[in-house]
Structures are given as structure tokens and as C-alpha cells.
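> As input, take target.txt (compact mmCIF, C-alpha atoms):
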```
# COMPACT_ATOMS: atom_id res chain seq x y z
CA MET A 12 26.90 28.14 14.23
CA THR A 13 25.73 26.91 17.59
CA THR A 14 24.36 23.43 17.31
CA THR A 15 24.62 22.22 20.86
CA PHE A 16 22.00 19.97 22.34
CA ILE A 17 20.42 19.01 19.04
CA THR A 18 18.99 15.55 19.28
CA ARG A 19 19.16 12.96 16.54
CA GLU A 20 15.38 13.18 16.27
CA THR A 21 15.64 16.89 15.54
CA ALA A 22 18.17 16.23 12.81
CA ARG A 23 16.02 13.44 11.36
CA ASP A 24 12.98 15.72 11.31
CA GLY A 25 15.10 18.40 9.66
CA ILE A 26 16.22 16.05 6.91
CA ALA A 27 12.61 14.94 6.37
CA ALA A 28 11.57 18.58 6.01
CA LEU A 29 14.13 19.10 3.23
CA PHE A 30 12.64 16.25 1.19
CA VAL A 31 9.05 17.26 1.93
CA ALA A 32 9.87 20.72 0.62
CA ASP A 33 11.39 19.22 -2.52
CA GLY A 34 8.11 17.44 -3.29
CA SER A 35 9.50 14.67 -5.49
CA TRP A 36 8.17 11.97 -3.18
CA GLN A 37 4.44 11.61 -2.59
CA LYS A 38 5.03 10.97 1.11
CA VAL A 39 8.04 11.24 3.42
CA PHE A 40 8.08 9.28 6.67
CA GLY A 41 10.56 9.67 9.52
CA TYR A 42 9.87 6.10 10.59
CA ILE A 43 8.56 2.83 9.15
CA PRO A 44 4.89 3.57 8.42
CA THR A 45 1.92 1.27 8.89
CA GLU A 46 -0.08 0.02 5.93
CA ASP A 47 -2.88 2.48 6.68
CA GLU A 48 -0.41 5.36 6.84
CA ILE A 49 0.92 4.44 3.40
CA ASP A 50 -2.68 4.09 2.10
CA GLY A 51 -1.60 3.32 -1.44
CA GLN A 52 0.68 6.32 -1.78
CA GLU A 53 3.96 6.14 -3.67
CA PRO A 54 6.77 6.90 -4.22
CA LEU A 55 7.78 6.94 -0.57
CA LEU A 56 10.88 8.10 1.28
CA ILE A 57 11.51 6.53 4.68
CA ILE A 58 14.10 8.13 6.94
CA MET A 59 15.46 6.13 9.85
CA SER A 60 18.09 6.93 12.41
CA GLY A 61 21.46 5.29 11.93
CA GLY A 62 24.36 5.29 14.32
CA THR A 63 26.01 8.24 16.01
CA GLU A 64 29.73 8.97 15.76
CA GLN A 65 30.95 10.82 18.82
CA GLY A 66 34.21 12.71 18.51
CA MET A 67 36.61 13.47 21.32
CA ALA A 68 34.96 15.76 23.83
CA GLY A 69 36.80 18.79 25.12
CA SER A 70 36.30 22.34 26.29
CA ASN A 71 33.52 23.81 24.18
CA MET A 72 33.91 20.98 21.70
CA ASN A 73 31.85 17.87 21.34
CA PRO A 74 31.77 17.06 17.63
CA THR A 75 29.01 14.67 16.68
CA LYS A 76 27.92 12.96 13.50
CA TYR A 77 24.38 11.64 13.22
CA ASN A 78 23.90 9.02 10.51
CA PHE A 79 20.58 8.37 8.81
CA ILE A 80 19.35 5.62 6.53
CA LEU A 81 17.11 6.95 3.76
CA THR A 82 15.16 4.52 1.59
CA SER A 83 13.26 5.50 -1.54
CA LEU A 84 10.44 3.10 -2.48
CA ILE A 85 8.77 2.99 -5.90
CA LYS A 86 5.79 0.69 -6.41
CA MET A 87 6.12 -1.82 -9.25
CA ASP A 88 2.68 -1.86 -10.87
CA ASP A 89 1.19 -4.63 -12.98
CA THR A 90 4.22 -6.87 -13.00
CA ASP A 91 1.98 -9.83 -12.22
CA VAL A 92 -0.37 -9.49 -15.17
CA GLY A 93 1.98 -10.32 -18.00
CA GLY A 94 3.37 -6.86 -18.61
CA SER A 95 6.77 -5.39 -17.97
CA SER A 96 5.67 -1.75 -18.13
CA GLY A 97 5.30 -1.47 -14.37
CA ALA A 98 8.84 -2.66 -13.82
CA ALA A 99 10.20 -0.41 -16.57
CA LEU A 100 8.44 2.65 -15.19
CA ALA A 101 9.62 1.86 -11.67
CA GLU A 102 13.21 1.57 -12.86
CA ASN A 103 12.96 4.93 -14.61
CA LYS A 104 11.46 6.49 -11.50
CA LEU A 105 14.21 4.98 -9.37
CA ASP A 106 16.82 6.73 -11.49
CA GLU A 107 14.88 10.01 -11.52
CA LEU A 108 14.54 10.04 -7.74
CA GLY A 109 18.19 9.12 -7.34
CA LEU A 110 19.04 12.35 -9.13
CA LYS A 111 16.52 14.32 -7.07
CA PHE A 112 18.00 12.91 -3.90
CA ARG A 113 21.50 14.07 -4.80
CA GLN A 114 20.18 17.48 -5.79
CA VAL A 115 18.46 17.99 -2.43
CA VAL A 116 21.66 17.17 -0.55
CA ARG A 117 23.74 19.30 -2.90
CA ASP A 118 21.39 22.26 -2.48
CA ASN A 119 21.44 22.02 1.32
CA PRO A 120 25.13 21.64 2.24
CA THR A 121 24.59 23.34 5.57
CA ALA A 122 21.50 21.25 6.28
CA GLY A 123 19.16 24.19 6.80
CA ALA A 124 19.16 25.20 10.45
CA PHE A 125 19.48 21.90 12.25
CA ALA A 126 23.15 20.98 11.70
CA ASP A 127 26.43 22.41 10.44
CA ALA A 128 26.69 20.21 7.38
CA LEU A 129 24.91 17.44 5.56
CA THR A 130 27.01 14.97 3.58
CA PHE A 131 26.81 11.58 1.92
CA GLN A 132 28.75 8.76 3.37
CA ASP A 133 31.49 7.77 0.99
CA ASN A 134 29.91 4.62 -0.33
CA ALA A 135 27.54 3.58 -3.08
CA SER A 136 23.79 3.62 -2.64
CA GLN A 137 22.15 0.21 -2.46
CA THR A 138 19.29 -0.82 -4.73
CA ASP A 139 16.94 -3.69 -4.02
CA THR A 140 13.46 -5.08 -4.61
CA ILE A 141 11.35 -5.61 -1.51
CA THR A 142 7.81 -6.48 -0.49
CA LEU A 143 6.18 -4.30 2.16
CA TYR A 144 2.60 -5.12 3.21
CA ASP A 145 2.25 -7.35 0.13
CA VAL A 146 3.24 -4.56 -2.27
CA LEU A 147 6.33 -4.93 -4.45
CA TYR A 148 8.72 -1.96 -4.50
CA ARG A 149 12.02 -1.08 -6.15
CA THR A 150 14.17 0.62 -3.55
CA GLU A 151 17.32 2.68 -3.28
CA GLN A 152 19.01 3.33 0.03
CA TRP A 153 21.52 6.00 1.01
CA THR A 154 23.32 6.95 4.20
CA LEU A 155 23.44 10.63 5.08
CA THR A 156 25.44 12.25 7.85
CA ALA A 157 24.42 15.40 9.72
CA HIS A 158 27.52 17.03 11.22
CA LEU A 159 27.44 18.96 14.49
CA TYR A 160 30.82 20.63 14.86
CA SER A 161 30.23 21.42 18.51
CA GLY A 162 27.18 19.37 19.26
CA ALA A 163 26.25 17.63 22.43
CA MET B 26 -26.89 -19.22 -5.16
CA SER B 27 -29.97 -18.21 -3.28
CA GLY B 28 -28.48 -19.34 0.00
CA LEU B 29 -25.45 -17.12 -0.41
CA SER B 30 -27.67 -14.28 -1.59
CA ASN B 31 -29.63 -14.56 1.60
CA MET B 32 -26.37 -14.05 3.49
CA ALA B 33 -25.39 -10.96 1.51
CA LYS B 34 -27.11 -8.47 3.77
CA ALA B 35 -24.22 -6.26 4.83
CA THR B 36 -23.48 -3.08 2.88
CA TYR B 37 -19.84 -2.03 2.56
CA SER B 38 -17.78 0.29 0.40
CA THR B 39 -14.37 -0.03 -1.24
CA LYS B 40 -11.44 2.30 -1.87
CA ARG B 41 -8.78 2.24 -4.60
CA SER B 42 -5.62 4.16 -5.38
CA PRO B 43 -6.21 6.97 -7.89
CA ALA B 44 -4.37 7.20 -11.20
CA LYS B 45 -0.82 8.50 -11.05
CA SER B 46 -0.32 12.23 -11.40
CA SER B 47 3.14 13.55 -12.24
CA GLY B 48 4.54 10.14 -11.44
CA LYS B 49 3.02 10.04 -7.97
CA THR B 50 0.07 8.18 -6.46
CA GLY B 51 -2.08 9.77 -3.77
CA VAL B 52 -4.12 8.18 -0.98
CA THR B 53 -6.87 5.71 -1.80
CA VAL B 54 -10.27 7.17 -2.64
CA THR B 55 -13.79 5.77 -2.49
CA ASN B 56 -14.51 3.55 -5.48
CA LEU B 57 -17.65 1.49 -4.81
CA THR B 58 -20.45 2.20 -2.36
CA GLY B 59 -23.59 0.30 -1.46
CA VAL B 60 -22.15 -3.11 -2.35
CA LYS B 61 -23.95 -6.06 -0.78
CA PHE B 62 -21.61 -8.39 1.10
CA THR B 63 -21.84 -11.49 3.19
CA THR B 64 -20.71 -11.09 6.76
CA ILE B 65 -16.94 -10.92 7.07
CA MET B 66 -15.88 -14.35 8.30
CA PRO B 67 -12.60 -15.86 9.46
CA LEU B 68 -10.72 -17.77 6.78
CA THR B 69 -10.92 -20.88 8.95
CA PRO B 70 -12.71 -21.56 12.23
CA GLY B 71 -11.06 -19.68 15.04
CA ASP B 72 -9.49 -20.50 18.33
CA THR B 73 -12.32 -20.03 20.77
CA THR B 74 -9.91 -19.18 23.55
CA VAL B 75 -8.55 -16.08 21.88
CA ASN B 76 -11.31 -15.66 19.27
CA ARG B 77 -9.07 -15.38 16.26
CA PRO B 78 -8.37 -17.54 13.21
CA PRO B 79 -5.68 -20.19 13.67
CA LEU B 80 -3.86 -18.91 10.59
CA SER B 81 -3.02 -15.72 12.46
CA ALA B 82 0.64 -14.90 12.76
CA ASN B 83 2.52 -12.23 14.59
CA LYS B 84 3.51 -9.37 12.33
CA ALA B 85 7.25 -9.22 12.44
CA LEU B 86 7.29 -5.45 12.23
CA SER B 87 4.57 -4.39 14.62
CA GLY B 88 3.98 -7.47 16.72
CA ARG B 89 0.28 -7.16 16.00
CA ILE B 90 -1.84 -10.15 15.12
CA LYS B 91 -2.25 -10.69 11.40
CA GLN B 92 -5.74 -11.90 10.59
CA TYR B 93 -7.12 -13.20 7.33
CA TRP B 94 -10.83 -13.07 6.61
CA ILE B 95 -13.14 -13.87 3.72
CA ALA B 96 -16.21 -12.14 2.35
CA ALA B 97 -18.27 -12.38 -0.83
CA ALA B 98 -19.68 -9.40 -2.72
CA GLU B 99 -22.91 -9.99 -4.59
CA SER B 100 -23.74 -8.61 -8.03
CA GLN B 101 -26.44 -6.17 -7.08
CA SER B 102 -27.09 -2.56 -7.91
CA HIS B 103 -24.40 -0.36 -6.38
CA THR B 104 -22.47 2.83 -7.05
CA ASP B 105 -19.20 2.73 -8.98
CA SER B 106 -17.29 6.04 -8.98
CA SER B 107 -20.53 7.89 -8.20
CA VAL B 108 -22.45 6.15 -11.01
CA VAL B 109 -25.24 3.64 -10.22
CA VAL B 110 -24.52 0.35 -11.99
CA ASP B 111 -25.92 -3.18 -12.17
CA GLN B 112 -22.86 -5.35 -12.64
CA VAL B 113 -20.35 -7.60 -10.97
CA PRO B 114 -18.60 -5.40 -8.39
CA ASP B 115 -15.23 -4.16 -9.63
CA ILE B 116 -12.98 -5.25 -6.76
CA ILE B 117 -9.35 -6.20 -7.33
CA GLU B 118 -6.26 -7.08 -5.31
CA GLY B 119 -4.97 -4.04 -3.47
CA ASP B 120 -8.37 -2.40 -2.99
CA LYS B 121 -9.54 -1.56 0.52
CA LEU B 122 -12.80 -2.85 1.94
CA VAL B 123 -14.29 -0.41 4.44
CA ALA B 124 -16.56 -2.11 6.93
CA GLY B 125 -17.65 -0.94 10.34
CA GLY B 126 -15.01 1.74 10.49
CA ASN B 127 -12.24 -0.77 9.77
CA ASN B 128 -10.09 -1.04 6.67
CA TYR B 129 -9.36 -4.44 5.17
CA THR B 130 -6.86 -4.82 2.35
CA VAL B 131 -7.98 -7.11 -0.47
CA ARG B 132 -5.23 -9.69 -0.87
CA ASP B 133 -7.07 -11.73 -3.52
CA ALA B 134 -10.33 -11.34 -5.46
CA GLN B 135 -11.85 -14.11 -7.54
CA GLN B 136 -15.16 -14.06 -9.36
CA TRP B 137 -17.37 -17.14 -9.06
CA PRO B 138 -19.14 -18.35 -11.04
CA ALA B 139 -17.09 -17.05 -13.98
CA THR B 140 -19.93 -15.16 -15.56
CA THR B 141 -20.77 -11.55 -16.14
CA SER B 142 -24.38 -12.18 -15.18
CA MET B 143 -25.93 -10.94 -11.99
CA LEU B 144 -25.52 -14.41 -10.56
CA ALA B 145 -21.81 -13.90 -9.95
CA PHE B 146 -20.11 -13.20 -6.64
CA VAL B 147 -16.68 -11.80 -6.00
CA TYR B 148 -14.89 -13.79 -3.30
CA LEU B 149 -12.37 -11.83 -1.32
CA LEU B 150 -9.44 -12.82 0.85
CA ILE B 151 -8.91 -9.80 3.06
CA GLU B 152 -6.60 -8.76 5.86
CA GLU B 153 -7.11 -6.18 8.56
CA SER B 154 -5.19 -3.04 7.74
CA ARG B 155 -4.02 -0.66 10.47
```
Rewrite the coordinates I just gave you, this time as C-alpha cells.

Amino acid sequence: MTTTFITRETARDGIAALFVADGSWQKVFGYIPTEDEIDGQEPLLIIMSGGTEQGMAGSNMNPTKYNFILTSLIKMDDTDVGGSSGAALAENKLDELGLKFRQVVRDNPTAGAFADALTFQDNASQTDTITLYDVLYRTEQWTLTAHLYSGA
Amino acid sequence: MSGLSNMAKATYSTKRSPAKSSGKTGVTVTNLTGVKFTTIMPLTPGDTTVNRPPLSANKALSGRIKQYWIAAAESQSHTDSSVVVDQVPDIIEGDKLVAGGNNYTVRDAQQWPATTSMLAFVYLLIEESR
């Protein structure tokens, strides 16, 4: 597969397209959205560029790995009105989307048409609780790598 | 209350997130229309040099100016989910106030006086949303 001259943006857009097609997230962003862009929607998946690993360049070879940080955000509803249901539902959704996330990567080992392979980095995902635009979210974050065997 | 009522001459609408469907929440939709409001005012008197409230702070993410404002909604006849009602406007934290083509996110909503009568106002702390 020829994957030369594919930019990291192209790979990021390609990864976003995989998760849009899956449909498990209400909205997928390839950047940090504004409050108006979120407009109350959830769950969200935010895909940001990570670092690039550049292999040794040679004749017809320029292996490249593009890393991406993917964060799933689930709104925690009603946790401030004396109930725990919002937190419980968010935790369940976090686990459900964690499974969906792994399924999407598993089902697209060759990363569609934008890279030679799509793999997890060999480390655990990170969960957290954050506030974005005054809204409380449970989050899970993964690092994905798009491999370009002869990229440039 | 009559003084504040005399100030409630602006007509704005609000938006709210719809109920979840299949575990997902879509974009906000129109909730109230035709609600009488006071003019949107700065939370505290502004800096006349730059014409913005002194409580403004730079948004860490965007670098834009973060501005807090206040407004009061009066209990007058209005439309709630397409139904005409006479009641205290149903506005809660997280709703959007749509005024003059701008969106303001409701950060806090408190009813005063604490009555269900038509004498009540809903005081809002709002922030410009972009």
C-alpha cells in the first residue's frame, strides 16, 4: 500500500471518520470544540494529534507513526441535586463506550484507506473526571497509532 | 416589583437539551419563547475603557474574554414547548438564553421571591457562549 505524503491531519480525519461511522458517540470532533459547537450534545469523542515517531529514512522507505490522543466524554447528569443516578449512568456509559472503542479499532486493523495499520499503544487507557465549560464529564483517554510503512 | 416589571421589556427565548435517546443527547432545542426579560446587564459595573465587566477573565483555552451578565425573567404569559402558559418561566442551569442572535449559557437560575405566583422573577447569571 502506498501511503506516502499522508499528513497527520489526514490520518486524524480518517480516524474521526471511523468513529463517526460507528455512531456510538453523539458527536466526534477532530479538535477541542467550543461550547456552542458542543451545544449540549453528549457523549463526545475528541481526537487530537499526538507526537510523530519518525523511523530511519532510506531509499523508498520513510516509516512514520502518527500518534493520536482520543478522549471520550460522558456527561454526568444530576449529580448536584442529591441523586447518584447521573454518576451511575455515566459510569455504565463509560464502560460501554470503552468496549465500542476497542471494537472500532479491532474492526479496522488497516485503518481504512489512510494508513497501513491502526494500533493501540501498549499502555492502559486513562479515566478521569473533568469540567469543560462548566459541565462535569467522566472521561476515558486512549492513544492510537496510525502506521505508515513507507510514509513521508 | 413594579419597578422591575417596568424594566422587563425585552423578549427572549431559551433552549434546552432534549431527553436522551439511545443513551445520547442531541443539540439543544427551543424550550421557551416570548419570555419577558430585563435588559441583559453586566454582573458588576464595567471598565469604561474597554467596556466590559471587571470580573472578566481570559479563557485559558481560547484566549477570548469571559463575560458574566445578569438578567431577570418575569412571570408573564409565554410559550413553553409550543404551549401558551401563565407561570414562572422554567429556566434552569445549563439552559441557553437566545438574545439578539447571541447565545448565553445559564450558569445559575434562582427564583425570587420564592413564590409560584405571577409576582416571581427568575434571576439568571449568564455567560456568553461562542
> Can you list, as JSON, numbers by chain, every protein, DNA or RNA residue that comes within 7 Å of Arg132 in chain B when you count only C-alpha atoms, leaving out same-chain residues fewer than 2 positions away?
{"B": [118, 119, 130, 150, 151, 152]}
> Counting all atoms listed in the file, write as a list in words all protein and nucleic acid residues lying at most 10 Å from (-28.5, -11.6, 5.6) in the file's frame.
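Within 10 Å of (-28.5, -11.6, 5.6), the protein and nucleic acid residues are Gly28, Leu29, Ser30, Asn31, Met32, Ala33, Lys34, Ala35, Lys61, Phe62, Thr63 and Thr64 of chain B.
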> Please report as a list of chain:residue names which residues of chain B come no farther than 6 Å from chain A, using all atoms listed in the file.
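Listing them in order of chain and number gives B:Ser42, B:Lys49, B:Thr50, B:Gly51, B:Val52, B:Thr53, B:Arg155.
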> Restricting the calculation to all atoms listed in the file, which member of A:Gln65, A:Gly41, A:Thr140, A:Asn103 is positioned closest to Thr21 in chain A?
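That would be A:Gly41, the residue with the smallest distance to Thr21 in chain A.
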> Using all atoms listed in the file, which of the listed residues (A:Ser96, A:Thr156, A:Thr138, A:Ser60) sits closest to Pro120 in chain A?
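Closest candidate: A:Thr156.
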> Counting all atoms listed in the file, which of B:Asp111, B:Gln101, B:Thr58, B:Asp120 gets nearest to Phe146 in chain B?
B:Gln101
> Rounded to one decimal, what separation in Å do you get between CA of Leu129 in chain A and CA of Gly66 in chain A?
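We find that CA of Leu129 in chain A and CA of Gly66 in chain A lie 16.6 Å from each other.
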> Between CA of Phe112 in chain A and CA of Phe30 in chain A, what is the distance, to one decimal in Å?
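Distance between the two atoms: 8.1 Å.
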